[in-house]
Amino acid sequence: MSEEIILGIDLGTTFSAVAFINKHGKPEIIPPREDSLTRTTPSVIFFDEEGNPIVGEEARNQALINPRRTVRWVKREMGNPSFRFNVDGKDYFPEDLSALILKKLKNDAEAFLGKEICKAVISVPAYFKDDQREKTRTAGQIAGLDVIRIINEPTAAALAYGLDKAQDDQTILVYDFGGGTFDVTIMTAKGKEFKIIATDGDAKLGGKDIDALLVEYFAEQFQREHEIDLRVEPHTHQDLWDKAEKTKKDLSFRNNVAVALASGEKTLRVDIDVEFFNELIEDLIKQTEECMNQVIQDSNMNWEQIDTILLAGGSSRIPAVRDMIKRVTGKEVTRDMNPDECVAMGAAIQANIISRETGETAPILEGGADLVVYDVASHGLGVKALSSDKKKYINSIIIPRFTPIPCEKTRTYATNEDNQSRVEIEVLQGENVDPNSPEVQLIGKAGLKNLPPHKAGDLVIEITLQYNADGVIEVIAKELKSGEKTREIIMQKTGTLSSEIIEEKRETLSQFDV
C-alpha cells in the first residue's frame, strides 16, 4: 500500500505555503508550479476578462494593471458575513476566495508529487474565533480537501522548531507577526511533548498595517509636491501598496531606500531611512509588545523563565521587532527557522502525527515518533444568562480561556418564570462579562420549546460545551426533569453553510484551473 500524503498548509494573508513529509521523514516545502525557485505563493487572486481566477504571482503582477479585478488580504475577512468581492456581477465570499488559494496549493502539490491529494491540515492564527476557524475549514472543503485538523500557527511553528532539537525541557515564546494577523504564544516543551500555556494576539494587526502607514506617507508627500492624490486612481493606489511593501522589506537589510513615485509626467523621489521607518511603525510594534506583556502575565511567568524565542511570519524580519523583543525580554531570538516556511512545515508534521494516531500508512517522521501537542482554548466560552440578582444579562463563562483542549464542560441553569414555554440559549465566545461587548461574539443558538408546566426555578436546563482539537465548538442542551433527560438539542451555528451548498460551491470551483 502506498503511503498517504497529507498536506500541511499555511493559508496566509499575503503569502501561503504548502508542505509535506517526504520519504526521508522530513518536512519539505512544495514550490509553485510556475516557479520552482520560489517557496511561497502570493495570496492574491485576479479574475481575467472571462471571469477565470488566477492565483499567485501572476495575479500579484496583474494587481497594478487591473486592481478592480484583483483581491488580496482575504484572510482578514474570514468570518465576516458582510464581505463580498464582486466581479462581473458575481459575489465571492471570503471562504470562496480562500478556497481558490487552497485549490492552487492543492494543484501545485499534486503536480509536484504526481498523485491526487485529498487531505490537509490548515493553520490559523491562535486568536481566530470559532466562525473564522469554521470558514477556514469550509474553504478547504470547497477546494476539495478533507481538513483533518485546524492547527494554531504558533503551535505549528513550535513543532517545526522542536522536530530536530535537543530533548532538554524548555519554555518557548512564539512571536508570529504575519501579513495580516499577530499572535504571541507561550508553551513548554518537555522532550517531545508541547503544552500551550497562554496565547494573545490581534487578528487585525500585521504587515499590511505597516504597508498602510507607508502608503499614507508616500501619498501625502506626493500630494504636497504636486497637489495630486495617488490614492484616488486604483492603479496609482495599487502602485503605492507595491512600493510600500518593497520598502518595508528593503529596510529590513538596508539603512535607507529611495522610492520613485509618478503620476503621468509628475514624479517625485522620496528618501526614507531606517530611523524614520522605525518612528513611523513605533505604535504598531508597541501593540505587539503589549500582547507580549499580557501573555507573560496570563502565563504567571516572567521573562527570565523564557528559554527560547521563535519568530514566525514575514513581518517578524523587521529589525525593530527583534530590537523590541531583546529590550523587553533581555534575550536574542532564535535564527535557525525560516519565518515564511515554518508554519506550513509544522502543519505537515501535525498531519503526520494524526496519520499515525489513526493507523494510516504515512512516512516515518524523523525525530518525531513521539511528538505530542496539547493546545488550549484561546477564548472563553459561555452562554447568555440572567445574573444572580436577575437584574441584567451576563456572559456566563462555562469553559474559561486557556482551558486545555479538547475539553467538555457542563453547567446547569434554571428557568426564571412560571410555566416558561421555551428557552433560547445563546452561545458566546469572549471574556467580557457584558454579552453586548464588541469583544464577545455570538457563536450560535439552541432553543428548547414546549417545556412542560413548572414553577420558576424548578425546570433545569443542562448545557454542555465541547471544544475539539481544532478549536471548534459544539453545544448540547438538555432539559432535565426529575433527574431524567427528556430532550436534547444541538446548537445551530450562525452563518454555517449546509453540505449541499458546500458541494455546489465545490462543483463550481472544480471548473476552474487555478
# chains A, B, ... in the order shown; residues from 1 in each chain; ligands from 1
>>> residues_around(residues="A:Asn468", least_positions_apart="4", cutoff="7 Å", atoms="only C-alpha atoms", output="short mmCIF file (atom, residue, chain, number, x, y, z; two decimals) with C-alpha atoms, in the first residue's frame")
data_model
loop_
_atom_site.label_atom_id
_atom_site.label_comp_id
_atom_site.auth_asym_id
_atom_site.auth_seq_id
_atom_site.Cartn_x
_atom_site.Cartn_y
_atom_site.Cartn_z
CA ILE A 405 -8.43 21.18 24.55
CA PRO A 406 -10.14 19.00 23.56
CA CYS A 407 -12.47 19.53 26.50
CA VAL A 472 -14.17 24.46 17.03
CA ILE A 473 -17.21 24.46 19.29
#
>>> select_by_dssp(residues="stretch 96-162 of chain A", states="helix (DSSP H, G or I)", output="VMD selection string")
chain A and resid 96 to 113 130 to 142 153 to 162
>>> write_last_selection(atoms="C-alpha atoms", output="PDB file, in the first residue's frame")
ATOM      1  CA  ASP A  96     -14.844  31.140  -1.797  1.00  0.00           C
ATOM      2  CA  LEU A  97     -11.730  33.226  -2.348  1.00  0.00           C
ATOM      3  CA  SER A  98      -9.713  31.279   0.224  1.00  0.00           C
ATOM      4  CA  ALA A  99     -10.837  28.077  -1.489  1.00  0.00           C
ATOM      5  CA  LEU A 100      -9.281  29.335  -4.741  1.00  0.00           C
ATOM      6  CA  ILE A 101      -5.940  29.828  -2.969  1.00  0.00           C
ATOM      7  CA  LEU A 102      -6.192  26.382  -1.364  1.00  0.00           C
ATOM      8  CA  LYS A 103      -7.109  24.789  -4.710  1.00  0.00           C
ATOM      9  CA  LYS A 104      -3.998  26.372  -6.246  1.00  0.00           C
ATOM     10  CA  LEU A 105      -1.827  24.931  -3.451  1.00  0.00           C
ATOM     11  CA  LYS A 106      -3.521  21.536  -3.837  1.00  0.00           C
ATOM     12  CA  ASN A 107      -2.878  21.544  -7.601  1.00  0.00           C
ATOM     13  CA  ASP A 108       0.756  22.573  -7.073  1.00  0.00           C
ATOM     14  CA  ALA A 109       1.208  19.696  -4.619  1.00  0.00           C
ATOM     15  CA  GLU A 110      -0.403  17.149  -6.954  1.00  0.00           C
ATOM     16  CA  ALA A 111       1.834  18.264  -9.823  1.00  0.00           C
ATOM     17  CA  PHE A 112       4.929  18.066  -7.606  1.00  0.00           C
ATOM     18  CA  LEU A 113       4.076  14.700  -6.046  1.00  0.00           C
ATOM     19  CA  ASP A 130     -14.935  29.841  16.049  1.00  0.00           C
ATOM     20  CA  ASP A 131     -16.533  31.349  12.948  1.00  0.00           C
ATOM     21  CA  GLN A 132     -13.127  32.126  11.411  1.00  0.00           C
ATOM     22  CA  ARG A 133     -11.991  28.535  12.020  1.00  0.00           C
ATOM     23  CA  GLU A 134     -15.238  27.140  10.611  1.00  0.00           C
ATOM     24  CA  LYS A 135     -14.937  29.252   7.469  1.00  0.00           C
ATOM     25  CA  THR A 136     -11.313  28.117   7.026  1.00  0.00           C
ATOM     26  CA  ARG A 137     -12.472  24.505   7.192  1.00  0.00           C
ATOM     27  CA  THR A 138     -15.293  25.292   4.755  1.00  0.00           C
ATOM     28  CA  ALA A 139     -12.793  26.856   2.328  1.00  0.00           C
ATOM     29  CA  GLY A 140     -10.799  23.621   2.413  1.00  0.00           C
ATOM     30  CA  GLN A 141     -13.918  21.570   1.696  1.00  0.00           C
ATOM     31  CA  ILE A 142     -14.832  23.803  -1.247  1.00  0.00           C
ATOM     32  CA  GLU A 153       0.086  28.841  13.713  1.00  0.00           C
ATOM     33  CA  PRO A 154       2.358  29.289  16.769  1.00  0.00           C
ATOM     34  CA  THR A 155       1.866  25.626  17.618  1.00  0.00           C
ATOM     35  CA  ALA A 156       2.883  24.673  14.083  1.00  0.00           C
ATOM     36  CA  ALA A 157       5.971  26.899  14.277  1.00  0.00           C
ATOM     37  CA  ALA A 158       6.997  25.253  17.552  1.00  0.00           C
ATOM     38  CA  LEU A 159       6.554  21.787  16.058  1.00  0.00           C
ATOM     39  CA  ALA A 160       8.846  22.716  13.168  1.00  0.00           C
ATOM     40  CA  TYR A 161      11.422  24.033  15.634  1.00  0.00           C
ATOM     41  CA  GLY A 162      11.207  21.100  18.031  1.00  0.00           C
TER      42      GLY A 162
END
>>> residues_around(residues="stretch 271-280 of chain A", least_positions_apart="2", cutoff="12 Å", atoms="only C-alpha atoms", output="ChimeraX atom specification")
/A:209-218,221,244,247-261,268-269,282-286,318-324
>>> write_last_selection(atoms="N, CA and C atoms", output="short mmCIF file (atom, residue, chain, number, x, y, z; two decimals), in the first residue's frame")
data_model
loop_
_atom_site.label_atom_id
_atom_site.label_comp_id
_atom_site.auth_asym_id
_atom_site.auth_seq_id
_atom_site.Cartn_x
_atom_site.Cartn_y
_atom_site.Cartn_z
N ASP A 209 -0.65 46.56 7.86
CA ASP A 209 -0.83 47.83 8.56
C ASP A 209 0.44 48.67 8.50
N ILE A 210 1.58 48.01 8.45
CA ILE A 210 2.84 48.74 8.26
C ILE A 210 2.88 49.31 6.85
N ASP A 211 2.48 48.50 5.86
CA ASP A 211 2.41 48.99 4.48
C ASP A 211 1.48 50.20 4.38
N ALA A 212 0.35 50.12 5.10
CA ALA A 212 -0.64 51.21 5.03
C ALA A 212 -0.05 52.53 5.52
N LEU A 213 0.79 52.49 6.55
CA LEU A 213 1.44 53.71 7.03
C LEU A 213 2.36 54.30 5.97
N LEU A 214 3.08 53.43 5.28
CA LEU A 214 3.97 53.90 4.21
C LEU A 214 3.17 54.45 3.04
N VAL A 215 2.06 53.79 2.71
CA VAL A 215 1.19 54.27 1.62
C VAL A 215 0.73 55.69 1.92
N GLU A 216 0.27 55.92 3.15
CA GLU A 216 -0.20 57.26 3.52
C GLU A 216 0.93 58.28 3.46
N TYR A 217 2.10 57.89 3.92
CA TYR A 217 3.24 58.82 3.92
C TYR A 217 3.64 59.18 2.49
N PHE A 218 3.77 58.17 1.64
CA PHE A 218 4.14 58.44 0.24
C PHE A 218 3.10 59.33 -0.44
N GLN A 221 3.32 62.96 0.72
CA GLN A 221 4.49 63.65 0.15
C GLN A 221 4.24 64.05 -1.30
N ALA A 244 5.24 50.33 -1.07
CA ALA A 244 5.30 50.28 0.40
C ALA A 244 5.81 48.92 0.87
N THR A 247 9.50 48.64 0.10
CA THR A 247 10.28 49.49 1.01
C THR A 247 10.44 48.83 2.37
N LYS A 248 9.34 48.28 2.89
CA LYS A 248 9.38 47.59 4.19
C LYS A 248 10.40 46.45 4.16
N LYS A 249 10.37 45.66 3.10
CA LYS A 249 11.30 44.53 3.00
C LYS A 249 12.74 45.01 2.84
N ASP A 250 12.95 46.03 2.00
CA ASP A 250 14.31 46.52 1.77
C ASP A 250 14.93 47.09 3.04
N LEU A 251 14.10 47.75 3.85
CA LEU A 251 14.63 48.36 5.08
C LEU A 251 14.91 47.33 6.17
N SER A 252 14.61 46.07 5.88
CA SER A 252 14.98 45.01 6.82
C SER A 252 16.45 44.65 6.71
N PHE A 253 17.10 45.07 5.59
CA PHE A 253 18.53 44.78 5.44
C PHE A 253 19.32 45.96 4.87
N ARG A 254 18.65 47.10 4.68
CA ARG A 254 19.34 48.31 4.21
C ARG A 254 19.04 49.46 5.15
N ASN A 255 19.92 50.45 5.18
CA ASN A 255 19.73 51.59 6.08
C ASN A 255 18.85 52.68 5.48
N ASN A 256 18.76 52.75 4.15
CA ASN A 256 17.90 53.76 3.52
C ASN A 256 17.46 53.28 2.15
N VAL A 257 16.34 53.84 1.70
CA VAL A 257 15.75 53.46 0.42
C VAL A 257 15.25 54.72 -0.27
N ALA A 258 15.43 54.79 -1.60
CA ALA A 258 14.87 55.87 -2.42
C ALA A 258 13.69 55.32 -3.20
N VAL A 259 12.53 55.93 -3.04
CA VAL A 259 11.30 55.46 -3.68
C VAL A 259 10.88 56.45 -4.75
N ALA A 260 10.65 55.96 -5.97
CA ALA A 260 10.24 56.81 -7.09
C ALA A 260 8.72 56.72 -7.26
N LEU A 261 8.06 57.87 -7.16
CA LEU A 261 6.61 57.93 -7.35
C LEU A 261 6.30 58.72 -8.61
N LEU A 268 8.33 62.11 -8.29
CA LEU A 268 8.89 62.54 -7.01
C LEU A 268 9.74 61.41 -6.45
N ARG A 269 10.90 61.76 -5.93
CA ARG A 269 11.75 60.81 -5.22
C ARG A 269 11.56 61.04 -3.71
N GLU A 282 6.35 52.71 15.11
CA GLU A 282 6.56 52.51 16.55
C GLU A 282 5.29 52.07 17.27
N ASP A 283 4.15 52.70 16.94
CA ASP A 283 2.90 52.37 17.64
C ASP A 283 2.46 50.94 17.35
N LEU A 284 2.67 50.47 16.13
CA LEU A 284 2.28 49.10 15.78
C LEU A 284 3.15 48.08 16.52
N ILE A 285 4.45 48.34 16.56
CA ILE A 285 5.34 47.44 17.30
C ILE A 285 4.98 47.47 18.78
N LYS A 286 4.56 48.64 19.27
CA LYS A 286 4.16 48.77 20.68
C LYS A 286 2.94 47.89 20.96
N ILE A 318 11.51 42.37 10.50
CA ILE A 318 11.83 43.79 10.67
C ILE A 318 12.78 43.96 11.86
N PRO A 319 13.91 44.61 11.67
CA PRO A 319 14.89 44.75 12.76
C PRO A 319 14.30 45.37 14.02
N ALA A 320 13.36 46.32 13.87
CA ALA A 320 12.77 46.96 15.04
C ALA A 320 12.02 45.95 15.90
N VAL A 321 11.49 44.89 15.29
CA VAL A 321 10.81 43.83 16.04
C VAL A 321 11.81 43.10 16.92
N ARG A 322 12.93 42.71 16.33
CA ARG A 322 13.96 41.98 17.08
C ARG A 322 14.55 42.85 18.19
N ASP A 323 14.72 44.14 17.88
CA ASP A 323 15.24 45.05 18.90
C ASP A 323 14.27 45.18 20.07
N MET A 324 12.97 45.27 19.77
CA MET A 324 11.98 45.37 20.82
C MET A 324 11.97 44.12 21.68
#
>>> residues_around(residues="A:Tyr393", least_positions_apart="6", cutoff="8 Å", atoms="only C-alpha atoms", output="PDB file with N, CA and C atoms, in the first residue's frame")
ATOM      1  N   LYS A 384     -25.426  33.309  27.349  1.00  0.00           N
ATOM      2  CA  LYS A 384     -26.110  34.495  27.856  1.00  0.00           C
ATOM      3  C   LYS A 384     -27.109  34.053  28.912  1.00  0.00           C
ATOM      4  N   ALA A 385     -26.960  34.577  30.136  1.00  0.00           N
ATOM      5  CA  ALA A 385     -27.820  34.151  31.244  1.00  0.00           C
ATOM      6  C   ALA A 385     -28.104  35.329  32.158  1.00  0.00           C
ATOM      7  N   LEU A 386     -29.190  35.213  32.933  1.00  0.00           N
ATOM      8  CA  LEU A 386     -29.506  36.247  33.909  1.00  0.00           C
ATOM      9  C   LEU A 386     -28.501  36.214  35.052  1.00  0.00           C
ATOM     10  N   SER A 387     -28.126  37.400  35.527  1.00  0.00           N
ATOM     11  CA  SER A 387     -27.232  37.476  36.676  1.00  0.00           C
ATOM     12  C   SER A 387     -27.954  36.965  37.919  1.00  0.00           C
ATOM     13  N   ASP A 434     -19.960  41.352  29.885  1.00  0.00           N
ATOM     14  CA  ASP A 434     -21.070  42.003  29.181  1.00  0.00           C
ATOM     15  C   ASP A 434     -21.302  41.304  27.841  1.00  0.00           C
ATOM     16  N   PRO A 435     -22.460  40.659  27.651  1.00  0.00           N
ATOM     17  CA  PRO A 435     -22.699  39.944  26.388  1.00  0.00           C
ATOM     18  C   PRO A 435     -22.802  40.862  25.175  1.00  0.00           C
TER      19      PRO A 435
END
>>> atom_distance(atom1="atom CA of A:Arg149", atom2="atom CA of A:Lys478")
28.4 Å
>>> atom_distance(atom1="atom CA of A:Gln294", atom2="atom CA of A:Asp340")
25.3 Å
>>> residues_around(residues="A:Met187", least_positions_apart="6", cutoff="8 Å", atoms="only C-alpha atoms", output="ChimeraX atom specification")
/A:171-173,194-198
>>> residues_around(residues="A:Val295", least_positions_apart="4", cutoff="10 Å", atoms="only C-alpha atoms", output="ChimeraX atom specification")
/A:173,183-186,197-201,289-291,299-301
>>> write_last_selection(atoms="N, CA and C atoms", output="PDB file, in the first residue's frame")
ATOM      1  N   LEU A 173       8.623  31.025  23.656  1.00  0.00           N
ATOM      2  CA  LEU A 173       7.700  32.074  23.235  1.00  0.00           C
ATOM      3  C   LEU A 173       7.736  32.152  21.714  1.00  0.00           C
ATOM      4  N   ASP A 183       0.053  36.973  16.564  1.00  0.00           N
ATOM      5  CA  ASP A 183      -0.145  36.092  17.716  1.00  0.00           C
ATOM      6  C   ASP A 183       1.139  36.031  18.515  1.00  0.00           C
ATOM      7  N   VAL A 184       1.004  35.876  19.823  1.00  0.00           N
ATOM      8  CA  VAL A 184       2.154  35.552  20.654  1.00  0.00           C
ATOM      9  C   VAL A 184       1.715  34.460  21.619  1.00  0.00           C
ATOM     10  N   THR A 185       2.505  33.416  21.705  1.00  0.00           N
ATOM     11  CA  THR A 185       2.126  32.225  22.462  1.00  0.00           C
ATOM     12  C   THR A 185       3.295  31.764  23.323  1.00  0.00           C
ATOM     13  N   ILE A 186       2.977  31.334  24.547  1.00  0.00           N
ATOM     14  CA  ILE A 186       3.976  30.722  25.420  1.00  0.00           C
ATOM     15  C   ILE A 186       3.622  29.253  25.585  1.00  0.00           C
ATOM     16  N   ILE A 197       0.554  27.163  27.036  1.00  0.00           N
ATOM     17  CA  ILE A 197       0.226  27.736  28.340  1.00  0.00           C
ATOM     18  C   ILE A 197      -0.727  28.927  28.194  1.00  0.00           C
ATOM     19  N   ALA A 198      -0.400  29.847  27.293  1.00  0.00           N
ATOM     20  CA  ALA A 198      -1.222  31.048  27.114  1.00  0.00           C
ATOM     21  C   ALA A 198      -0.961  31.636  25.733  1.00  0.00           C
ATOM     22  N   THR A 199      -1.945  32.361  25.233  1.00  0.00           N
ATOM     23  CA  THR A 199      -1.801  32.992  23.921  1.00  0.00           C
ATOM     24  C   THR A 199      -2.547  34.313  23.910  1.00  0.00           C
ATOM     25  N   ASP A 200      -2.071  35.233  23.110  1.00  0.00           N
ATOM     26  CA  ASP A 200      -2.727  36.530  22.946  1.00  0.00           C
ATOM     27  C   ASP A 200      -2.450  36.993  21.521  1.00  0.00           C
ATOM     28  N   GLY A 201      -3.122  38.029  21.099  1.00  0.00           N
ATOM     29  CA  GLY A 201      -2.869  38.497  19.747  1.00  0.00           C
ATOM     30  C   GLY A 201      -3.922  39.453  19.251  1.00  0.00           C
ATOM     31  N   GLU A 289       4.107  44.503  21.539  1.00  0.00           N
ATOM     32  CA  GLU A 289       4.772  44.447  22.849  1.00  0.00           C
ATOM     33  C   GLU A 289       3.737  44.295  23.961  1.00  0.00           C
ATOM     34  N   GLU A 290       2.630  45.018  23.842  1.00  0.00           N
ATOM     35  CA  GLU A 290       1.566  44.918  24.853  1.00  0.00           C
ATOM     36  C   GLU A 290       0.990  43.505  24.907  1.00  0.00           C
ATOM     37  N   CYS A 291       0.845  42.879  23.737  1.00  0.00           N
ATOM     38  CA  CYS A 291       0.375  41.492  23.706  1.00  0.00           C
ATOM     39  C   CYS A 291       1.383  40.562  24.379  1.00  0.00           C
ATOM     40  N   SER A 299       0.355  33.802  31.754  1.00  0.00           N
ATOM     41  CA  SER A 299       1.021  32.526  31.997  1.00  0.00           C
ATOM     42  C   SER A 299       1.623  32.441  33.406  1.00  0.00           C
ATOM     43  N   ASN A 300       1.526  33.555  34.160  1.00  0.00           N
ATOM     44  CA  ASN A 300       2.098  33.609  35.518  1.00  0.00           C
ATOM     45  C   ASN A 300       3.601  33.325  35.496  1.00  0.00           C
ATOM     46  N   MET A 301       4.266  33.876  34.487  1.00  0.00           N
ATOM     47  CA  MET A 301       5.713  33.702  34.357  1.00  0.00           C
ATOM     48  C   MET A 301       6.390  35.062  34.307  1.00  0.00           C
TER      49      MET A 301
END
>>> atom_distance(atom1="atom CA of A:Ile461", atom2="atom CA of A:Pro438")
27.2 Å
>>> closest_residue(among="A:Gly12, A:Arg33, A:Tyr467, A:Ile309", to="A:Lys409", atoms="only C-alpha atoms")
A:Tyr467
>>> residues_around(residues="A:Ser316", least_positions_apart="4", cutoff="9 Å", atoms="only C-alpha atoms", output="list in words")
Tyr175, Asp176, Phe177, Gly178, Gly207, Leu311, Ala312, Ala320, Val321, Arg322 and Pro339 of chain A
